[in-house]
>>> print(open('work_11.cif').read())   # mmCIF, C-alpha atoms; chains and numbers go by the auth columns
data_final
#
loop_
_atom_site.group_PDB
_atom_site.id
_atom_site.type_symbol
_atom_site.label_atom_id
_atom_site.label_comp_id
_atom_site.label_asym_id
_atom_site.label_seq_id
_atom_site.Cartn_x
_atom_site.Cartn_y
_atom_site.Cartn_z
_atom_site.B_iso_or_equiv
_atom_site.auth_seq_id
_atom_site.auth_asym_id
ATOM 1 C CA MET A 1 111.936 81.390 142.807 0.00 1 A
ATOM 2 C CA ASN A 2 115.097 81.460 140.705 0.00 2 A
ATOM 3 C CA LYS A 3 112.996 81.751 137.553 0.00 3 A
ATOM 4 C CA ILE A 4 111.236 84.792 138.981 0.00 4 A
ATOM 5 C CA ASN A 5 114.573 86.374 139.850 0.00 5 A
ATOM 6 C CA TYR A 6 115.918 85.743 136.345 0.00 6 A
ATOM 7 C CA LEU A 7 112.745 87.253 134.888 0.00 7 A
ATOM 8 C CA LEU A 8 113.027 90.359 137.050 0.00 8 A
ATOM 9 C CA ILE A 9 116.687 90.747 136.126 0.00 9 A
ATOM 10 C CA GLY A 10 115.823 90.403 132.434 0.00 10 A
ATOM 11 C CA VAL A 11 113.060 93.033 132.680 0.00 11 A
ATOM 12 C CA PHE A 12 115.441 95.336 134.563 0.00 12 A
ATOM 13 C CA ILE A 13 118.097 95.006 131.836 0.00 13 A
ATOM 14 C CA VAL A 14 115.524 95.726 129.104 0.00 14 A
ATOM 15 C CA LEU A 15 114.311 98.831 130.941 0.00 15 A
ATOM 16 C CA ILE A 16 117.876 100.071 131.337 0.00 16 A
ATOM 17 C CA PHE A 17 118.517 99.520 127.629 0.00 17 A
ATOM 18 C CA LEU A 18 115.355 101.374 126.629 0.00 18 A
ATOM 19 C CA SER A 19 116.090 104.171 129.048 0.00 19 A
ATOM 20 C CA LYS A 20 119.557 104.664 127.592 0.00 20 A
ATOM 21 C CA ALA A 21 118.291 104.399 124.033 0.00 21 A
ATOM 22 C CA PHE A 22 115.644 107.067 124.503 0.00 22 A
ATOM 23 C CA SER A 23 117.977 109.280 126.522 0.00 23 A
ATOM 24 C CA GLN A 24 120.242 109.696 123.504 0.00 24 A
ATOM 25 C CA GLY A 25 119.924 113.086 121.882 0.00 25 A
ATOM 26 C CA TYR A 26 118.904 113.294 118.226 0.00 26 A
ATOM 27 C CA THR A 27 118.679 116.155 115.806 0.00 27 A
ATOM 28 C CA PRO A 28 115.180 117.066 114.580 0.00 28 A
ATOM 29 C CA PRO A 29 114.111 115.519 111.266 0.00 29 A
ATOM 30 C CA MET A 30 114.796 117.318 108.019 0.00 30 A
ATOM 31 C CA PHE A 31 111.876 115.627 106.241 0.00 31 A
ATOM 32 C CA THR A 32 108.701 114.159 107.728 0.00 32 A
ATOM 33 C CA LEU A 33 106.783 111.817 105.422 0.00 33 A
ATOM 34 C CA GLY A 34 103.344 110.674 106.499 0.00 34 A
ATOM 35 C CA VAL A 35 100.176 108.822 105.612 0.00 35 A
ATOM 36 C CA THR A 36 96.846 109.485 107.280 0.00 36 A
ATOM 37 C CA ALA A 37 93.267 108.317 107.592 0.00 37 A
ATOM 38 C CA GLU A 38 90.604 111.004 107.970 0.00 38 A
ATOM 39 C CA GLY A 39 87.120 111.219 109.390 0.00 39 A
ATOM 40 C CA SER A 40 85.337 114.438 108.417 0.00 40 A
ATOM 41 C CA PHE A 41 82.238 116.435 109.261 0.00 41 A
ATOM 42 C CA ALA A 42 80.701 119.034 106.938 0.00 42 A
ATOM 43 C CA MET A 43 80.416 122.640 108.098 0.00 43 A
ATOM 44 C CA HIS A 44 78.777 125.922 107.082 0.00 44 A
ATOM 45 C CA ASP A 45 76.590 125.683 103.972 0.00 45 A
ATOM 46 C CA ALA A 46 78.062 122.306 103.034 0.00 46 A
ATOM 47 C CA TYR A 47 76.112 120.690 105.883 0.00 47 A
ATOM 48 C CA GLY A 48 72.488 119.816 105.242 0.00 48 A
ATOM 49 C CA THR A 49 69.938 117.027 105.553 0.00 49 A
ATOM 50 C CA ASN A 50 67.041 118.541 103.589 0.00 50 A
ATOM 51 C CA PHE A 51 67.860 117.517 100.023 0.00 51 A
ATOM 52 C CA HIS A 52 64.937 119.548 98.662 0.00 52 A
ATOM 53 C CA ASP A 53 66.704 122.734 99.819 0.00 53 A
ATOM 54 C CA SER A 54 69.533 122.377 97.318 0.00 54 A
ATOM 55 C CA LEU A 55 69.761 126.137 96.760 0.00 55 A
ATOM 56 C CA ARG A 56 70.936 126.748 100.310 0.00 56 A
ATOM 57 C CA THR A 57 73.054 123.752 101.401 0.00 57 A
ATOM 58 C CA TYR A 58 74.989 120.991 99.673 0.00 58 A
ATOM 59 C CA GLY A 59 73.422 118.184 101.691 0.00 59 A
ATOM 60 C CA MET A 60 76.640 116.866 103.226 0.00 60 A
ATOM 61 C CA MET A 61 77.206 115.325 106.628 0.00 61 A
ATOM 62 C CA TRP A 62 79.928 112.753 107.361 0.00 62 A
ATOM 63 C CA GLY A 63 82.960 111.924 105.236 0.00 63 A
ATOM 64 C CA ARG A 64 86.030 109.744 105.310 0.00 64 A
ATOM 65 C CA GLY A 65 89.302 109.799 103.417 0.00 65 A
ATOM 66 C CA VAL A 66 93.035 109.293 103.182 0.00 66 A
ATOM 67 C CA GLY A 67 96.003 111.585 102.751 0.00 67 A
ATOM 68 C CA ILE A 68 99.754 111.907 102.399 0.00 68 A
ATOM 69 C CA HIS A 69 102.123 114.687 103.371 0.00 69 A
ATOM 70 C CA ILE A 70 105.729 115.797 103.288 0.00 70 A
ATOM 71 C CA LYS A 71 107.106 118.374 105.727 0.00 71 A
ATOM 72 C CA PHE A 72 110.470 120.091 105.271 0.00 72 A
ATOM 73 C CA GLY A 73 112.148 121.447 108.404 0.00 73 A
ATOM 74 C CA ILE A 74 113.862 124.844 108.187 0.00 74 A
ATOM 75 C CA GLY A 75 116.602 126.217 110.426 0.00 75 A
ATOM 76 C CA THR A 76 118.843 124.605 113.031 0.00 76 A
ATOM 77 C CA ARG A 77 116.019 123.481 115.296 0.00 77 A
ATOM 78 C CA LYS A 78 113.644 122.653 112.418 0.00 78 A
ATOM 79 C CA ASN A 79 110.770 124.267 114.326 0.00 79 A
ATOM 80 C CA HIS A 80 109.564 125.842 111.096 0.00 80 A
ATOM 81 C CA ARG A 81 108.199 123.440 108.484 0.00 81 A
ATOM 82 C CA ILE A 82 107.030 123.886 104.909 0.00 82 A
ATOM 83 C CA VAL A 83 104.175 121.468 104.293 0.00 83 A
ATOM 84 C CA LEU A 84 102.762 119.850 101.153 0.00 84 A
ATOM 85 C CA MET A 85 99.706 117.620 101.587 0.00 85 A
ATOM 86 C CA GLY A 86 97.320 115.737 99.346 0.00 86 A
ATOM 87 C CA THR A 87 93.972 114.297 100.501 0.00 87 A
ATOM 88 C CA TYR A 88 90.947 112.502 99.120 0.00 88 A
ATOM 89 C CA ASN A 89 87.612 112.620 100.958 0.00 89 A
ATOM 90 C CA LYS A 90 84.327 110.880 100.184 0.00 90 A
ATOM 91 C CA PHE A 91 81.054 112.336 101.480 0.00 91 A
ATOM 92 C CA ILE A 92 77.927 110.223 101.048 0.00 92 A
ATOM 93 C CA ASN A 93 74.770 111.289 102.879 0.00 93 A
ATOM 94 C CA SER A 94 71.572 109.267 102.581 0.00 94 A
ATOM 95 C CA GLY A 95 69.654 111.477 104.988 0.00 95 A
ATOM 96 C CA SER A 96 70.563 109.608 108.171 0.00 96 A
ATOM 97 C CA ALA A 97 73.852 109.645 110.074 0.00 97 A
ATOM 98 C CA SER A 98 73.574 105.899 110.621 0.00 98 A
ATOM 99 C CA LYS A 99 73.204 105.272 106.875 0.00 99 A
ATOM 100 C CA SER A 100 75.790 107.671 105.512 0.00 100 A
ATOM 101 C CA PHE A 101 77.941 104.915 103.990 0.00 101 A
ATOM 102 C CA ILE A 102 75.874 101.758 103.938 0.00 102 A
ATOM 103 C CA GLU A 103 72.489 102.391 102.308 0.00 103 A
ATOM 104 C CA PRO A 104 72.067 99.712 99.593 0.00 104 A
ATOM 105 C CA ASN A 105 71.065 100.927 96.142 0.00 105 A
ATOM 106 C CA PRO A 106 69.599 104.261 97.271 0.00 106 A
ATOM 107 C CA LYS A 107 67.448 106.273 94.893 0.00 107 A
ATOM 108 C CA ALA A 108 69.489 109.033 93.272 0.00 108 A
ATOM 109 C CA GLY A 109 67.156 111.749 94.549 0.00 109 A
ATOM 110 C CA ARG A 110 67.497 110.647 98.163 0.00 110 A
ATOM 111 C CA ARG A 111 71.213 111.086 98.763 0.00 111 A
ATOM 112 C CA THR A 112 74.248 113.233 97.975 0.00 112 A
ATOM 113 C CA ASN A 113 77.608 111.888 96.858 0.00 113 A
ATOM 114 C CA TYR A 114 80.797 113.959 96.658 0.00 114 A
ATOM 115 C CA ASN A 115 84.455 113.256 95.918 0.00 115 A
ATOM 116 C CA ILE A 116 86.850 115.972 97.108 0.00 116 A
ATOM 117 C CA TRP A 117 90.490 115.968 95.984 0.00 117 A
ATOM 118 C CA THR A 118 92.664 118.543 97.762 0.00 118 A
ATOM 119 C CA VAL A 119 96.259 119.756 97.533 0.00 119 A
ATOM 120 C CA MET A 120 97.510 121.877 100.444 0.00 120 A
ATOM 121 C CA LEU A 121 100.598 124.079 100.692 0.00 121 A
ATOM 122 C CA GLY A 122 101.338 125.683 104.021 0.00 122 A
ATOM 123 C CA TYR A 123 103.473 126.457 107.023 0.00 123 A
ATOM 124 C CA GLU A 124 103.705 124.731 110.405 0.00 124 A
ATOM 125 C CA TYR A 125 105.380 125.602 113.674 0.00 125 A
ATOM 126 C CA CYS A 126 106.531 122.474 115.499 0.00 126 A
ATOM 127 C CA PHE A 127 106.994 122.693 119.259 0.00 127 A
ATOM 128 C CA ASN A 128 109.670 120.421 120.810 0.00 128 A
ATOM 129 C CA SER A 129 110.936 119.344 117.389 0.00 129 A
ATOM 130 C CA ARG A 130 113.865 117.398 118.943 0.00 130 A
ATOM 131 C CA CYS A 131 111.694 115.523 121.461 0.00 131 A
ATOM 132 C CA ARG A 132 109.679 112.324 121.359 0.00 132 A
ATOM 133 C CA ASN A 133 106.519 114.348 121.963 0.00 133 A
ATOM 134 C CA LYS A 134 105.884 117.085 119.407 0.00 134 A
ATOM 135 C CA GLN A 135 102.986 119.485 118.878 0.00 135 A
ATOM 136 C CA PHE A 136 102.312 121.573 115.797 0.00 136 A
ATOM 137 C CA LEU A 137 100.120 124.408 114.516 0.00 137 A
ATOM 138 C CA GLY A 138 99.773 125.257 110.847 0.00 138 A
ATOM 139 C CA CYS A 139 97.879 127.056 108.112 0.00 139 A
ATOM 140 C CA GLY A 140 98.013 127.468 104.352 0.00 140 A
ATOM 141 C CA VAL A 141 96.176 127.482 101.040 0.00 141 A
ATOM 142 C CA THR A 142 94.249 124.671 99.361 0.00 142 A
ATOM 143 C CA GLY A 143 93.375 123.723 95.802 0.00 143 A
ATOM 144 C CA ASN A 144 90.196 121.643 95.627 0.00 144 A
ATOM 145 C CA LEU A 145 88.481 119.563 92.966 0.00 145 A
ATOM 146 C CA ILE A 146 84.871 119.026 94.044 0.00 146 A
ATOM 147 C CA ASN A 147 83.174 116.237 92.121 0.00 147 A
ATOM 148 C CA ALA A 148 79.424 115.721 92.624 0.00 148 A
ATOM 149 C CA GLN A 149 78.042 112.333 91.632 0.00 149 A
ATOM 150 C CA PRO A 150 74.441 112.025 90.357 0.00 150 A
ATOM 151 C CA GLY A 151 72.027 112.453 93.242 0.00 151 A
ATOM 152 C CA ALA A 152 69.852 114.996 94.984 0.00 152 A
ATOM 153 C CA ILE A 153 72.476 117.675 94.222 0.00 153 A
ATOM 154 C CA ASP A 154 74.567 117.410 91.066 0.00 154 A
ATOM 155 C CA PHE A 155 76.865 119.791 89.196 0.00 155 A
ATOM 156 C CA ASP A 156 79.889 119.742 86.923 0.00 156 A
ATOM 157 C CA ASP A 157 83.349 119.389 88.435 0.00 157 A
ATOM 158 C CA ALA A 158 84.234 122.536 90.388 0.00 158 A
ATOM 159 C CA TYR A 159 87.769 123.841 91.001 0.00 159 A
ATOM 160 C CA ARG A 160 88.167 126.117 94.016 0.00 160 A
ATOM 161 C CA LEU A 161 90.945 127.761 96.045 0.00 161 A
ATOM 162 C CA GLY A 162 90.615 127.903 99.811 0.00 162 A
ATOM 163 C CA ILE A 163 92.468 127.990 103.108 0.00 163 A
ATOM 164 C CA TYR A 164 93.157 125.488 105.866 0.00 164 A
ATOM 165 C CA ALA A 165 94.286 125.449 109.487 0.00 165 A
ATOM 166 C CA ASN A 166 95.491 122.452 111.468 0.00 166 A
ATOM 167 C CA ALA A 167 96.909 121.369 114.807 0.00 167 A
ATOM 168 C CA GLY A 168 98.196 118.075 116.107 0.00 168 A
ATOM 169 C CA TYR A 169 100.374 115.916 118.305 0.00 169 A
ATOM 170 C CA GLU A 170 103.192 113.562 117.236 0.00 170 A
ATOM 171 C CA LEU A 171 104.772 110.719 119.207 0.00 171 A
ATOM 172 C CA VAL A 172 108.084 109.123 118.170 0.00 172 A
ATOM 173 C CA LEU A 173 107.979 105.328 118.434 0.00 173 A
ATOM 174 C CA ASP A 174 111.536 104.019 118.076 0.00 174 A
ATOM 175 C CA PRO A 175 114.825 104.808 119.862 0.00 175 A
ATOM 176 C CA LYS A 176 116.454 106.207 116.713 0.00 176 A
ATOM 177 C CA PHE A 177 113.649 108.702 116.042 0.00 177 A
ATOM 178 C CA LYS A 178 112.779 107.314 112.613 0.00 178 A
ATOM 179 C CA THR A 179 109.062 106.533 112.979 0.00 179 A
ATOM 180 C CA GLY A 180 106.079 107.955 114.804 0.00 180 A
ATOM 181 C CA ILE A 181 102.314 108.270 115.017 0.00 181 A
ATOM 182 C CA PHE A 182 100.199 111.394 115.115 0.00 182 A
ATOM 183 C CA ILE A 183 96.695 112.690 115.733 0.00 183 A
ATOM 184 C CA GLY A 184 95.399 116.013 114.498 0.00 184 A
ATOM 185 C CA LEU A 185 92.509 118.265 113.540 0.00 185 A
ATOM 186 C CA LYS A 186 92.255 120.072 110.209 0.00 186 A
ATOM 187 C CA TYR A 187 89.765 122.641 108.924 0.00 187 A
ATOM 188 C CA ASN A 188 89.368 123.320 105.211 0.00 188 A
ATOM 189 C CA LEU A 189 87.294 126.212 103.848 0.00 189 A
ATOM 190 C CA ALA A 190 87.493 125.061 100.260 0.00 190 A
ATOM 191 C CA ASN A 191 85.780 127.728 98.145 0.00 191 A
ATOM 192 C CA ILE A 192 87.130 131.201 98.850 0.00 192 A
ATOM 193 C CA ILE A 193 88.171 131.854 95.222 0.00 193 A
ATOM 194 C CA GLY A 194 86.590 130.596 91.987 0.00 194 A
ATOM 195 C CA HIS A 195 82.839 130.928 92.581 0.00 195 A
ATOM 196 C CA GLU A 196 80.545 130.076 89.666 0.00 196 A
ATOM 197 C CA ASN A 197 76.801 130.413 89.142 0.00 197 A
ATOM 198 C CA GLY A 198 74.637 129.028 86.381 0.00 198 A
ATOM 199 C CA PRO A 199 73.232 125.765 85.006 0.00 199 A
ATOM 200 C CA ARG A 200 75.316 122.724 86.055 0.00 200 A
ATOM 201 C CA LYS A 201 77.527 125.008 88.189 0.00 201 A
ATOM 202 C CA MET A 202 78.229 124.793 91.905 0.00 202 A
ATOM 203 C CA ASN A 203 76.269 128.049 92.418 0.00 203 A
ATOM 204 C CA ASP A 204 78.318 129.204 95.398 0.00 204 A
ATOM 205 C CA GLY A 205 78.752 132.871 94.429 0.00 205 A
ATOM 206 C CA THR A 206 76.953 136.079 95.293 0.00 206 A
ATOM 207 C CA GLY A 207 75.989 136.956 91.715 0.00 207 A
ATOM 208 C CA SER A 208 73.013 136.024 89.581 0.00 208 A
ATOM 209 C CA PRO A 209 71.793 133.459 88.835 0.00 209 A
ATOM 210 C CA GLY A 210 72.235 131.761 92.181 0.00 210 A
ATOM 211 C CA ILE A 211 71.097 131.958 95.764 0.00 211 A
ATOM 212 C CA GLY A 212 72.513 135.478 96.117 0.00 212 A
ATOM 213 C CA PHE A 213 75.136 134.873 98.783 0.00 213 A
ATOM 214 C CA TRP A 214 78.468 133.106 99.163 0.00 214 A
ATOM 215 C CA ARG A 215 77.728 129.518 100.102 0.00 215 A
ATOM 216 C CA ARG A 216 80.699 128.416 102.185 0.00 216 A
ATOM 217 C CA PHE A 217 81.884 124.880 101.476 0.00 217 A
ATOM 218 C CA GLY A 218 83.900 123.650 104.464 0.00 218 A
ATOM 219 C CA TYR A 219 84.607 120.661 106.637 0.00 219 A
ATOM 220 C CA ILE A 220 86.671 119.669 109.671 0.00 220 A
ATOM 221 C CA SER A 221 88.662 116.416 109.837 0.00 221 A
ATOM 222 C CA LEU A 222 90.090 114.226 112.562 0.00 222 A
ATOM 223 C CA ASN A 223 93.371 112.742 111.311 0.00 223 A
ATOM 224 C CA LEU A 224 95.191 109.623 112.509 0.00 224 A
ATOM 225 C CA GLY A 225 98.407 108.580 110.831 0.00 225 A
ATOM 226 C CA PHE A 226 101.978 107.316 110.690 0.00 226 A
ATOM 227 C CA ASN A 227 105.153 109.348 110.155 0.00 227 A
ATOM 228 C CA PHE A 228 108.589 108.499 108.779 0.00 228 A
ATOM 229 C CA TYR A 229 111.352 110.880 109.885 0.00 229 A
ATOM 230 C CA THR A 230 114.481 111.333 107.763 0.00 230 A
ATOM 231 C CA GLY A 231 117.687 113.228 108.447 0.00 231 A
ATOM 232 C CA THR A 232 117.792 112.577 112.194 0.00 232 A
ATOM 233 C CA LYS A 233 121.287 112.075 113.614 0.00 233 A
ATOM 234 C CA MET A 234 122.544 111.207 117.071 0.00 234 A
ATOM 235 C CA ILE A 235 123.995 114.183 118.913 0.00 235 A
ATOM 236 C CA LYS A 236 127.521 113.305 120.002 0.00 236 A
ATOM 237 C CA LYS A 237 128.410 114.157 123.568 0.00 237 A
ATOM 238 C CA TYR A 238 132.023 114.729 124.503 0.00 238 A
#
>>> encode(input="work_11.cif", output="structure tokens")
Amino acid sequence: MNKINYLLIGVFIVLIFLSKAFSQGYTPPMFTLGVTAEGSFAMHDAYGTNFHDSLRTYGMMWGRGVGIHIKFGIGTRKNHRIVLMGTYNKFINSGSASKSFIEPNPKAGRRTNYNIWTVMLGYEYCFNSRCRNKQFLGCGVTGNLINAQPGAIDFDDAYRLGIYANAGYELVLDPKFKTGIFIGLKYNLANIIGHENGPRKMNDGTGSPGIGFWRRFGYISLNLGFNFYTGTKMIKKY
């Protein structure tokens, strides 16, 4: 019985300590540094499963990738953030969702294979920037290198400018507001500017030769990651 009492007292002391630690006020972070893992799904004319219809879609389906970001808080409350992100996504589609990443030695004409390197510059509004629970909305411009590997659809490296929009939720993990996790959604329409038509080109423009319309190359990503917060300071209470 005494052991149970000691255990309950110990748990009570720990809860009091944690309660006091998290009740301390902290300034919002000046810089947020993060790493992320991404799972993506192709949209618009990027999505396609009929590899023989290469003049209409790019034969993409599922993708996966990684990314890093740095966010700079502006103003006293740091609700406004300037964002710089870099991501790499790999899209391999063998014609079946269950085989998108695991088909052994597929024939080149029976799959598509893309590497997409993206740099993003944008703006975010962070709700509750001083709190443990934060939400954010953002948008900006993207620079994209689209690399098609030999397969059903193949073209020379394509450089495109696009736009993105994102939203997410952050949760601070430690009492001193230095680390956190986050989950978010991000949409990238990668080829607004820079269309090219012709042999070995991406053929995404409205001109001739080509399909005759703007083929939109986009995807949406689910992001899971880890944040490091810098510049947070305890708010002194007098």
>>> closest_residue(input="work_11.cif", among="A:Leu173, A:Leu224, A:Leu84, A:Met202", to="A:Ala158", atoms="all atoms listed in the file")
A:Met202
>>> resolve_selection(input="work_11.cif", expression="the PyMOL selection byres ((chain A and resi 177-194) around 6)", output="NGL selection string")
:A and (160-176 or 195 or 217-229)
>>> write_last_selection(input="work_11.cif", atoms="C-alpha atoms", output="mmCIF file, in the frame of the given file")
data_model
loop_
_atom_site.group_PDB
_atom_site.id
_atom_site.type_symbol
_atom_site.label_atom_id
_atom_site.label_comp_id
_atom_site.auth_asym_id
_atom_site.auth_seq_id
_atom_site.Cartn_x
_atom_site.Cartn_y
_atom_site.Cartn_z
ATOM 1 C CA ARG A 160 88.167 126.117 94.016
ATOM 2 C CA LEU A 161 90.945 127.761 96.045
ATOM 3 C CA GLY A 162 90.615 127.903 99.811
ATOM 4 C CA ILE A 163 92.468 127.990 103.108
ATOM 5 C CA TYR A 164 93.157 125.488 105.866
ATOM 6 C CA ALA A 165 94.286 125.449 109.487
ATOM 7 C CA ASN A 166 95.491 122.452 111.468
ATOM 8 C CA ALA A 167 96.909 121.369 114.807
ATOM 9 C CA GLY A 168 98.196 118.075 116.107
ATOM 10 C CA TYR A 169 100.374 115.916 118.305
ATOM 11 C CA GLU A 170 103.192 113.562 117.236
ATOM 12 C CA LEU A 171 104.772 110.719 119.207
ATOM 13 C CA VAL A 172 108.084 109.123 118.170
ATOM 14 C CA LEU A 173 107.979 105.328 118.434
ATOM 15 C CA ASP A 174 111.536 104.019 118.076
ATOM 16 C CA PRO A 175 114.825 104.808 119.862
ATOM 17 C CA LYS A 176 116.454 106.207 116.713
ATOM 18 C CA HIS A 195 82.839 130.928 92.581
ATOM 19 C CA PHE A 217 81.884 124.880 101.476
ATOM 20 C CA GLY A 218 83.900 123.650 104.464
ATOM 21 C CA TYR A 219 84.607 120.661 106.637
ATOM 22 C CA ILE A 220 86.671 119.669 109.671
ATOM 23 C CA SER A 221 88.662 116.416 109.837
ATOM 24 C CA LEU A 222 90.090 114.226 112.562
ATOM 25 C CA ASN A 223 93.371 112.742 111.311
ATOM 26 C CA LEU A 224 95.191 109.623 112.509
ATOM 27 C CA GLY A 225 98.407 108.580 110.831
ATOM 28 C CA PHE A 226 101.978 107.316 110.690
ATOM 29 C CA ASN A 227 105.153 109.348 110.155
ATOM 30 C CA PHE A 228 108.589 108.499 108.779
ATOM 31 C CA TYR A 229 111.352 110.880 109.885
#
>>> residues_around(input="work_11.cif", residues="A:Ala46", least_positions_apart="6", cutoff="6 Å", atoms="all atoms listed in the file", output="PyMOL selection string")
chain A and resi 57-58+60+217
>>> residues_around(input="work_11.cif", residues="A:Met85", least_positions_apart="6", cutoff="9 Å", atoms="all atoms listed in the file", output="ChimeraX atom specification")
/A:67-71,118-122
>>> closest_residue(input="work_11.cif", among="A:Ala37, A:Val141, A:Ile153, A:Ile82", to="A:Asn203", atoms="only C-alpha atoms")
A:Ile153
>>> residues_around(input="work_11.cif", residues="A:Ile211", least_positions_apart="2", cutoff="12 Å", atoms="all atoms listed in the file", output="VMD selection string")
chain A and resid 45 53 to 57 196 to 198 202 to 209 213 to 215
>>> write_last_selection(input="work_11.cif", atoms="C-alpha atoms", output="mmCIF file, in the frame of the given file")
data_model
loop_
_atom_site.group_PDB
_atom_site.id
_atom_site.type_symbol
_atom_site.label_atom_id
_atom_site.label_comp_id
_atom_site.auth_asym_id
_atom_site.auth_seq_id
_atom_site.Cartn_x
_atom_site.Cartn_y
_atom_site.Cartn_z
ATOM 1 C CA ASP A 45 76.590 125.683 103.972
ATOM 2 C CA ASP A 53 66.704 122.734 99.819
ATOM 3 C CA SER A 54 69.533 122.377 97.318
ATOM 4 C CA LEU A 55 69.761 126.137 96.760
ATOM 5 C CA ARG A 56 70.936 126.748 100.310
ATOM 6 C CA THR A 57 73.054 123.752 101.401
ATOM 7 C CA GLU A 196 80.545 130.076 89.666
ATOM 8 C CA ASN A 197 76.801 130.413 89.142
ATOM 9 C CA GLY A 198 74.637 129.028 86.381
ATOM 10 C CA MET A 202 78.229 124.793 91.905
ATOM 11 C CA ASN A 203 76.269 128.049 92.418
ATOM 12 C CA ASP A 204 78.318 129.204 95.398
ATOM 13 C CA GLY A 205 78.752 132.871 94.429
ATOM 14 C CA THR A 206 76.953 136.079 95.293
ATOM 15 C CA GLY A 207 75.989 136.956 91.715
ATOM 16 C CA SER A 208 73.013 136.024 89.581
ATOM 17 C CA PRO A 209 71.793 133.459 88.835
ATOM 18 C CA PHE A 213 75.136 134.873 98.783
ATOM 19 C CA TRP A 214 78.468 133.106 99.163
ATOM 20 C CA ARG A 215 77.728 129.518 100.102
#
>>> atom_distance(input="work_11.cif", atom1="atom CA of A:Arg216", atom2="atom CA of A:Tyr47")
9.7 Å
>>> resolve_selection(input="work_11.cif", expression="the PyMOL selection byres ((chain A and resi 126) around 10)", output="ChimeraX atom specification")
/A:73,77-81,123-125,127-130,134-138,167-170
>>> atom_distance(input="work_11.cif", atom1="atom CA of A:Tyr88", atom2="atom CA of A:Arg110")
23.5 Å
>>> atom_distance(input="work_11.cif", atom1="atom CA of A:Val66", atom2="atom CA of A:Thr49")
24.5 Å
>>> closest_residue(input="work_11.cif", among="A:Arg111, A:Asn50, A:Asp157, A:Gly86", to="A:Thr36", atoms="all atoms listed in the file")
A:Gly86
>>> residues_near_point(input="work_11.cif", point="(117.0, 114.3, 110.4)", cutoff="8 Å", atoms="all atoms listed in the file", output="VMD selection string")
chain A and resid 27 to 31 229 to 233
>>> closest_residue(input="work_11.cif", among="A:Ile116, A:Ala152, A:Val35, A:Cys131", to="A:Asn93", atoms="only C-alpha atoms")
A:Ala152
